[in-house]
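Okay, data-v4.cif is below, mmCIF, C-alpha atoms:
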```cif
data_entry
#
loop_
_atom_site.group_PDB
_atom_site.id
_atom_site.type_symbol
_atom_site.label_atom_id
_atom_site.label_comp_id
_atom_site.auth_asym_id
_atom_site.auth_seq_id
_atom_site.Cartn_x
_atom_site.Cartn_y
_atom_site.Cartn_z
ATOM 1 C CA MET A 1 -31.083 -38.919 9.879
ATOM 2 C CA ALA A 2 -28.845 -41.640 8.598
ATOM 3 C CA LYS A 3 -25.334 -41.941 9.892
ATOM 4 C CA LEU A 4 -22.944 -39.957 7.794
ATOM 5 C CA VAL A 5 -20.204 -41.327 5.627
ATOM 6 C CA LEU A 6 -17.966 -38.499 4.504
ATOM 7 C CA LYS A 7 -17.859 -38.413 0.734
ATOM 8 C CA ASP A 8 -18.311 -34.865 -0.456
ATOM 9 C CA ALA A 9 -17.345 -32.500 2.341
ATOM 10 C CA VAL A 10 -16.749 -28.964 1.132
ATOM 11 C CA ILE A 11 -13.753 -27.041 2.458
ATOM 12 C CA THR A 12 -12.882 -23.537 1.323
ATOM 13 C CA ILE A 13 -9.737 -21.607 2.183
ATOM 14 C CA ASN A 14 -9.871 -17.861 1.506
ATOM 15 C CA GLY A 15 -12.886 -18.496 -0.706
ATOM 16 C CA VAL A 16 -11.191 -21.200 -2.804
ATOM 17 C CA ASP A 17 -12.750 -24.669 -2.840
ATOM 18 C CA PHE A 18 -10.000 -27.203 -2.182
ATOM 19 C CA SER A 19 -12.303 -30.182 -1.611
ATOM 20 C CA ASP A 20 -10.680 -32.059 -4.499
ATOM 21 C CA HIS A 21 -7.238 -31.742 -2.856
ATOM 22 C CA ILE A 22 -8.212 -32.592 0.724
ATOM 23 C CA SER A 23 -8.372 -36.093 2.172
ATOM 24 C CA GLN A 24 -9.056 -35.330 5.808
ATOM 25 C CA VAL A 25 -10.609 -32.515 7.798
ATOM 26 C CA GLU A 26 -11.332 -31.850 11.429
ATOM 27 C CA ILE A 27 -12.974 -29.043 13.335
ATOM 28 C CA ASN A 28 -11.620 -28.623 16.816
ATOM 29 C CA MET A 29 -13.443 -26.357 19.222
ATOM 30 C CA LYS A 30 -12.316 -25.948 22.781
ATOM 31 C CA LYS A 31 -12.302 -23.434 25.591
ATOM 32 C CA ALA A 32 -9.699 -22.972 28.241
ATOM 33 C CA ALA A 33 -10.678 -24.462 31.577
ATOM 34 C CA ILE A 34 -10.344 -21.871 34.317
ATOM 35 C CA ASP A 35 -10.124 -23.425 37.729
ATOM 36 C CA THR A 36 -12.482 -21.848 40.235
ATOM 37 C CA THR A 37 -12.314 -24.645 42.781
ATOM 38 C CA ASN A 38 -13.201 -23.438 46.277
ATOM 39 C CA PHE A 39 -14.151 -24.666 49.709
ATOM 40 C CA SER A 40 -17.834 -25.114 48.940
ATOM 41 C CA GLY A 41 -17.591 -28.734 47.875
ATOM 42 C CA GLY A 42 -15.473 -31.829 47.664
ATOM 43 C CA GLY A 43 -14.520 -31.548 44.042
ATOM 44 C CA LYS A 44 -13.123 -29.292 41.360
ATOM 45 C CA GLU A 45 -15.031 -26.434 39.780
ATOM 46 C CA GLN A 46 -14.265 -24.852 36.441
ATOM 47 C CA VAL A 47 -15.584 -22.138 34.175
ATOM 48 C CA ALA A 48 -15.033 -21.737 30.469
ATOM 49 C CA GLY A 49 -12.247 -19.396 29.431
ATOM 50 C CA LEU A 50 -11.092 -18.164 26.055
ATOM 51 C CA LYS A 51 -11.921 -20.088 22.908
ATOM 52 C CA ASP A 52 -9.098 -21.865 21.123
ATOM 53 C CA ASP A 53 -10.723 -23.212 17.958
ATOM 54 C CA GLU A 54 -8.990 -24.471 14.853
ATOM 55 C CA PHE A 55 -9.505 -26.368 11.614
ATOM 56 C CA GLY A 56 -7.149 -29.223 10.793
ATOM 57 C CA VAL A 57 -6.817 -30.164 7.130
ATOM 58 C CA THR A 58 -4.755 -32.740 5.232
ATOM 59 C CA PHE A 59 -4.031 -31.478 1.735
ATOM 60 C CA GLN A 60 -2.805 -33.452 -1.241
ATOM 61 C CA GLN A 61 -0.050 -31.059 -2.194
ATOM 62 C CA ASP A 62 -0.127 -29.465 -5.635
ATOM 63 C CA PHE A 63 2.386 -26.863 -6.815
ATOM 64 C CA ASP A 64 0.474 -25.903 -9.952
ATOM 65 C CA ALA A 65 -0.692 -22.323 -10.390
ATOM 66 C CA ALA A 66 -3.938 -21.531 -8.564
ATOM 67 C CA SER A 67 -3.659 -24.694 -6.509
ATOM 68 C CA VAL A 68 -2.688 -25.631 -2.954
ATOM 69 C CA ASP A 69 0.827 -24.224 -2.527
ATOM 70 C CA SER A 70 0.207 -21.117 -4.619
ATOM 71 C CA VAL A 71 -2.604 -20.134 -2.253
ATOM 72 C CA LEU A 72 -1.268 -21.363 1.091
ATOM 73 C CA TYR A 73 2.237 -19.941 0.846
ATOM 74 C CA PRO A 74 1.116 -16.308 0.301
ATOM 75 C CA LEU A 75 -1.356 -16.676 3.169
ATOM 76 C CA TYR A 76 1.535 -17.765 5.383
ATOM 77 C CA ASP A 77 4.003 -15.248 3.974
ATOM 78 C CA THR A 78 1.819 -12.147 4.055
ATOM 79 C CA GLU A 79 0.267 -12.975 7.451
ATOM 80 C CA VAL A 80 -3.153 -12.050 6.164
ATOM 81 C CA GLU A 81 -6.314 -13.240 7.893
ATOM 82 C CA PHE A 82 -8.699 -15.228 5.727
ATOM 83 C CA PRO A 83 -11.978 -17.150 5.991
ATOM 84 C CA VAL A 84 -12.139 -20.945 6.257
ATOM 85 C CA THR A 85 -15.410 -22.838 5.880
ATOM 86 C CA VAL A 86 -16.275 -26.516 6.254
ATOM 87 C CA LYS A 87 -19.481 -28.353 5.410
ATOM 88 C CA ALA A 88 -20.009 -32.099 5.800
ATOM 89 C CA ARG A 89 -21.867 -32.463 2.514
ATOM 90 C CA ASN A 90 -21.941 -30.699 -0.834
ATOM 91 C CA ALA A 91 -25.527 -29.530 -0.421
ATOM 92 C CA PRO A 92 -27.224 -26.301 0.578
ATOM 93 C CA THR A 93 -26.508 -25.178 4.119
ATOM 94 C CA SER A 94 -29.326 -26.247 6.439
ATOM 95 C CA ALA A 95 -30.016 -27.519 9.939
ATOM 96 C CA SER A 96 -28.892 -30.970 8.792
ATOM 97 C CA ASN A 97 -25.890 -29.618 6.855
ATOM 98 C CA PRO A 98 -24.498 -26.768 8.955
ATOM 99 C CA ILE A 99 -21.544 -24.695 7.877
ATOM 100 C CA TYR A 100 -18.650 -24.057 10.250
ATOM 101 C CA SER A 101 -16.628 -20.957 9.528
ATOM 102 C CA GLY A 102 -13.913 -18.859 11.067
ATOM 103 C CA THR A 103 -11.448 -16.104 10.313
ATOM 104 C CA CYS A 104 -8.107 -17.842 10.475
ATOM 105 C CA ILE A 105 -4.389 -17.242 10.209
ATOM 106 C CA LEU A 106 -1.677 -19.565 8.938
ATOM 107 C CA LEU A 107 1.171 -19.719 11.445
ATOM 108 C CA GLU A 108 2.857 -22.960 10.375
ATOM 109 C CA TYR A 109 3.288 -24.316 6.873
ATOM 110 C CA SER A 110 5.312 -27.338 5.779
ATOM 111 C CA PRO A 111 4.947 -27.444 1.997
ATOM 112 C CA LEU A 112 6.637 -30.813 1.561
ATOM 113 C CA ASN A 113 6.701 -33.854 3.796
ATOM 114 C CA GLY A 114 6.971 -37.414 2.535
ATOM 115 C CA LYS A 115 9.013 -40.454 1.601
ATOM 116 C CA VAL A 116 9.892 -41.796 -1.806
ATOM 117 C CA GLY A 117 6.827 -43.222 -3.467
ATOM 118 C CA ASP A 118 4.397 -41.458 -1.132
ATOM 119 C CA LEU A 119 1.553 -39.237 -2.120
ATOM 120 C CA SER A 120 2.659 -35.753 -1.116
ATOM 121 C CA GLU A 121 0.298 -34.874 1.699
ATOM 122 C CA ILE A 122 0.633 -32.046 4.174
ATOM 123 C CA LYS A 123 -1.198 -31.377 7.402
ATOM 124 C CA VAL A 124 -2.146 -27.772 8.015
ATOM 125 C CA LYS A 125 -3.775 -26.192 11.040
ATOM 126 C CA PHE A 126 -5.866 -23.069 10.721
ATOM 127 C CA PRO A 127 -6.316 -21.473 14.145
ATOM 128 C CA SER A 128 -9.298 -19.158 14.262
ATOM 129 C CA GLN A 129 -8.958 -15.589 15.423
ATOM 130 C CA ARG A 130 -10.915 -13.782 18.142
ATOM 131 C CA SER A 131 -14.506 -15.033 17.955
ATOM 132 C CA GLY A 132 -13.579 -18.618 17.149
ATOM 133 C CA ILE A 133 -15.435 -20.976 14.829
ATOM 134 C CA ALA A 134 -19.096 -20.202 14.207
ATOM 135 C CA ARG A 135 -21.845 -22.627 13.204
ATOM 136 C CA ALA A 136 -24.635 -21.529 10.883
ATOM 137 C CA GLU A 137 -27.643 -23.335 9.457
ATOM 138 C CA SER A 138 -28.399 -20.936 6.627
ATOM 139 C CA MET B 139 14.439 -5.636 27.722
ATOM 140 C CA SER B 140 10.908 -4.322 27.557
ATOM 141 C CA ARG B 141 8.195 -6.088 25.638
ATOM 142 C CA ALA B 142 5.503 -4.389 23.607
ATOM 143 C CA PRO B 143 2.275 -4.238 25.612
ATOM 144 C CA LYS B 144 -0.303 -6.865 24.723
ATOM 145 C CA PRO B 145 -3.197 -5.303 22.762
ATOM 146 C CA SER B 146 -6.315 -4.913 24.830
ATOM 147 C CA ALA B 147 -9.731 -6.238 23.828
ATOM 148 C CA ALA B 148 -10.678 -2.689 22.848
ATOM 149 C CA ASP B 149 -7.649 -2.439 20.556
ATOM 150 C CA GLU B 150 -8.587 -5.751 18.979
ATOM 151 C CA ALA B 151 -12.143 -4.528 18.390
ATOM 152 C CA ILE B 152 -10.850 -1.361 16.736
ATOM 153 C CA ARG B 153 -8.549 -3.367 14.517
ATOM 154 C CA ALA B 154 -11.382 -5.711 13.566
ATOM 155 C CA ALA B 155 -13.583 -2.733 12.680
ATOM 156 C CA ARG B 156 -10.826 -1.329 10.487
ATOM 157 C CA ARG B 157 -10.404 -4.646 8.760
ATOM 158 C CA GLU B 158 -14.137 -4.894 8.202
ATOM 159 C CA SER B 159 -14.248 -1.429 6.724
ATOM 160 C CA GLN B 160 -11.660 -2.601 4.198
ATOM 161 C CA LEU B 161 -14.011 -5.223 2.864
ATOM 162 C CA THR B 162 -14.926 -4.482 -0.709
ATOM 163 C CA ARG B 163 -17.279 -6.293 -3.010
ATOM 164 C CA ARG B 164 -15.872 -6.782 -6.501
ATOM 165 C CA THR B 165 -16.437 -9.091 -9.421
ATOM 166 C CA PHE B 166 -13.623 -11.210 -10.823
ATOM 167 C CA LEU B 167 -13.193 -14.090 -13.238
ATOM 168 C CA VAL B 168 -12.256 -17.524 -11.921
ATOM 169 C CA ALA B 169 -8.902 -18.184 -13.588
ATOM 170 C CA GLY B 170 -7.689 -21.453 -12.077
ATOM 171 C CA PRO B 171 -8.927 -25.014 -11.827
ATOM 172 C CA GLN B 172 -10.156 -24.568 -8.241
ATOM 173 C CA LYS B 173 -13.748 -23.490 -7.708
ATOM 174 C CA VAL B 174 -14.388 -20.152 -6.042
ATOM 175 C CA GLN B 175 -17.755 -19.912 -4.318
ATOM 176 C CA GLY B 176 -19.054 -22.692 -6.528
ATOM 177 C CA LYS B 177 -17.991 -20.940 -9.737
ATOM 178 C CA GLU B 178 -15.727 -22.679 -12.206
ATOM 179 C CA LYS B 179 -12.984 -21.418 -14.488
ATOM 180 C CA GLY B 180 -14.139 -18.626 -16.785
ATOM 181 C CA GLU B 181 -17.207 -17.775 -14.720
ATOM 182 C CA GLU B 182 -17.685 -14.501 -12.898
ATOM 183 C CA VAL B 183 -17.545 -14.514 -9.121
ATOM 184 C CA GLU B 184 -18.418 -11.718 -6.724
ATOM 185 C CA LEU B 185 -16.063 -11.583 -3.753
ATOM 186 C CA GLU B 186 -16.326 -9.535 -0.596
ATOM 187 C CA MET B 187 -12.788 -9.483 0.726
ATOM 188 C CA THR B 188 -10.044 -7.251 1.973
ATOM 189 C CA PRO B 189 -7.475 -6.050 -0.598
ATOM 190 C CA ASP B 190 -4.884 -8.372 0.996
ATOM 191 C CA GLN B 191 -7.105 -11.410 0.594
ATOM 192 C CA VAL B 192 -7.856 -10.503 -3.022
ATOM 193 C CA ASP B 193 -4.151 -9.950 -3.681
ATOM 194 C CA VAL B 194 -3.346 -13.505 -2.554
ATOM 195 C CA LEU B 195 -5.873 -14.951 -4.987
ATOM 196 C CA LEU B 196 -4.759 -12.720 -7.868
ATOM 197 C CA LYS B 197 -1.067 -13.560 -7.394
ATOM 198 C CA ALA B 198 -1.859 -17.258 -7.073
ATOM 199 C CA GLY B 199 -3.788 -17.134 -10.333
ATOM 200 C CA VAL B 200 -7.024 -18.315 -8.735
ATOM 201 C CA ILE B 201 -8.914 -15.273 -9.977
ATOM 202 C CA ALA B 202 -8.263 -12.612 -12.580
ATOM 203 C CA GLU B 203 -9.439 -9.080 -13.081
ATOM 204 C CA LYS B 204 -12.367 -8.749 -15.437
ATOM 205 C CA PRO B 205 -11.250 -7.290 -18.773
ATOM 206 C CA ARG B 206 -12.323 -3.700 -19.105
ATOM 207 C CA ILE B 207 -14.625 -3.076 -22.006
ATOM 208 C CA ARG B 208 -13.825 0.143 -23.857
ATOM 209 C CA PRO B 209 -16.864 2.289 -24.607
ATOM 210 C CA VAL B 210 -17.577 2.184 -28.313
ATOM 211 C CA PRO B 211 -18.357 5.636 -29.729
ATOM 212 C CA PRO B 212 -21.692 5.939 -31.496
ATOM 213 C CA VAL B 213 -21.683 5.598 -35.242
ATOM 214 C CA GLY B 214 -20.677 8.841 -36.894
ATOM 215 C CA GLU B 215 -18.764 10.191 -33.925
ATOM 216 C CA THR B 216 -15.581 8.194 -34.377
ATOM 217 C CA LYS B 217 -13.843 11.037 -36.224
ATOM 218 C CA ASP B 218 -14.689 13.549 -33.515
ATOM 219 C CA VAL B 219 -13.306 11.278 -30.833
ATOM 220 C CA ALA B 220 -10.089 10.867 -32.808
ATOM 221 C CA ALA B 221 -9.818 14.612 -33.337
ATOM 222 C CA LYS B 222 -10.419 15.287 -29.660
ATOM 223 C CA SER B 223 -7.810 12.742 -28.746
ATOM 224 C CA ALA B 224 -5.277 14.409 -31.009
ATOM 225 C CA ALA B 225 -6.112 17.808 -29.575
ATOM 226 C CA ASP B 226 -5.674 16.511 -26.036
ATOM 227 C CA SER B 227 -2.231 15.157 -26.770
ATOM 228 C CA GLY B 228 -0.884 18.671 -27.274
ATOM 229 C CA PRO B 229 0.864 20.404 -30.198
ATOM 230 C CA SER B 230 2.588 18.128 -32.659
ATOM 231 C CA VAL B 231 6.363 18.237 -32.951
ATOM 232 C CA PRO B 232 7.930 18.201 -36.432
ATOM 233 C CA LYS B 233 9.532 14.861 -37.203
ATOM 234 C CA ASP B 234 12.834 16.365 -38.326
ATOM 235 C CA ARG B 235 13.285 18.271 -35.073
ATOM 236 C CA LYS B 236 15.916 16.517 -33.052
ATOM 237 C CA GLY B 237 16.198 16.751 -29.310
ATOM 238 C CA LYS B 238 19.459 17.547 -27.622
#
```
Could you take the file, read its structure, and then write that structure out as structure tokens?
Amino acid sequence: MAKLVLKDAVITINGVDFSDHISQVEINMKKAAIDTTNFSGGGKEQVAGLKDDEFGVTFQQDFDAASVDSVLYPLYDTEVEFPVTVKARNAPTSASNPIYSGTCILLEYSPLNGKVGDLSEIKVKFPSQRSGIARAES
Amino acid sequence: MSRAPKPSAADEAIRAARRESQLTRRTFLVAGPQKVQGKEKGEEVELEMTPDQVDVLLKAGVIAEKPRIRPVPPVGETKDVAAKSAADSGPSVPKDRKGK
């Protein structure tokens, strides 16, 4: 497959498609490294611990009704868990266009951050709960 | 000062099951400019969410409740429906009777 240039990634937050207000997205998946080093060799040994996955999203802030702030603030305020999904392309989910999804919570929210003349952009992290971020091909 | 005990994996599983049992599938109208599951403003969208998640979207104006359509009585039965409605509302009070 050809190398991918991101043009039409699809990102949904609590079911709402915010692709037209997002300029950057990242999916971070990691597991804690548990040290099990012992006397059986000359180097370190580790096993995988708990997952610590999260989505990182840069939003172009919008305070209009039904837009970015009106959805994100209640998610932060009411402490509700909600689904987040990310796909690299706006096409049906498939082996070459997998969907990454997780049940997330919003623990930090900075609704405004910028200098005079800047586009109002905010970076938001969506840590996934319990089972982490899942990958599906259908 | 004592801290609350950290929930065990079993407690987490029970909580997750409770949350899952709260999932309801309902149909709404997309009310805002943002797409919801690929549906645009004015289109119907079927959501399977918890009441809390739905509440966030309703308050934000992303979705709206579908307008309820009143059942139209069959032709010729309108009068009966009106009469029944009047009967259900109880005895009428004379207009000139003043309350204390």
Practice task
Apply the PyMOL selection byres ((chain A) within 8 of (chain B)) to the displayed file and report the matching residues as a list in words.
Solution key: Asn14, Gly15, Val16, Asp17, Phe18, Ala65, Ala66, Ser67, Ser70, Val71, Pro74, Leu75, Val80, Glu81 and Phe82 of chain A
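With CA of Gly180 in chain B on one side and CA of Phe166 in chain B on the other, the separation reads 9.5 Å.
Applied to the file shown here, the PyMOL selection byres ((chain A and resi 135) around 9) selects Pro98, Ile99, Tyr100, Ser101, Ile133, Ala134, Ala136 and Glu137 of chain A.
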Handout entry: Selection: 10 Å around Glu121 in chain A, all atoms listed in the file, excl. self and same-chain fewer than 3 positions, as an MDAnalysis selection string
Key = chainID A and resid 21:23 58:62 110:114 118 124
Handout entry: Chain and number of each residue from the PyMOL selection byres ((chain A and resi 107) around 8), as number ranges by chain
Key = A: 76, 79, 105-106, 108-109, 126
Please save C-alpha atoms of the selected residues as a PDB file, in the coordinates of the input.
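Contents of result-v7.pdb, as written:
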```pdb
ATOM      1  CA  TYR A  76       1.535 -17.765   5.383  1.00  0.00           C
ATOM      2  CA  GLU A  79       0.267 -12.975   7.451  1.00  0.00           C
ATOM      3  CA  ILE A 105      -4.389 -17.242  10.209  1.00  0.00           C
ATOM      4  CA  LEU A 106      -1.677 -19.565   8.938  1.00  0.00           C
ATOM      5  CA  GLU A 108       2.857 -22.960  10.375  1.00  0.00           C
ATOM      6  CA  TYR A 109       3.288 -24.316   6.873  1.00  0.00           C
ATOM      7  CA  PHE A 126      -5.866 -23.069  10.721  1.00  0.00           C
TER       8      PHE A 126
END
```
Exercise for the section: Tell me, as a ChimeraX atom specification, which residues lie within 9 Å of Ile11 in chain A, counting all atoms listed in the file; anything in the same chain fewer than 6 positions away does not count. Expected result: /A:17-19,22,25,57,84-88
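Between CA of Ile122 in chain A and CA of Phe63 in chain A the interatomic distance comes to 12.3 Å.
Pairwise distance (CA of Lys7 in chain A, CA of Tyr73 in chain A) equals 27.3 Å.
With all atoms listed in the file as the basis for measurement, A:Val68 is the residue among A:Thr36, A:Val68, A:Lys51, A:Gly41 that approaches Asp20 in chain A most closely.
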Practice task
Neighbourhood query: residues within 8 Å of (-5.4, -14.9, 16.6), file coordinates, counting all atoms listed in the file; return as a ChimeraX atom specification.
Solution key: /A:104-105,127-130
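Of the residues under consideration (B:Pro189, B:Pro212, B:Glu184, B:Lys204), B:Glu184 shows the shortest atom-to-atom contact distance to Thr165 in chain B when counting all atoms listed in the file.
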How big is the axis-aligned box around all listed atoms of range 2-16 of chain A once 8 Å goes on each side, and where's its centre, in Å to one decimal, as AutoDock Vina command-line options?
```
--center_x -19.3 --center_y -29.9 --center_z 3.5 --size_x 35.1 --size_y 40.1 --size_z 28.7
```
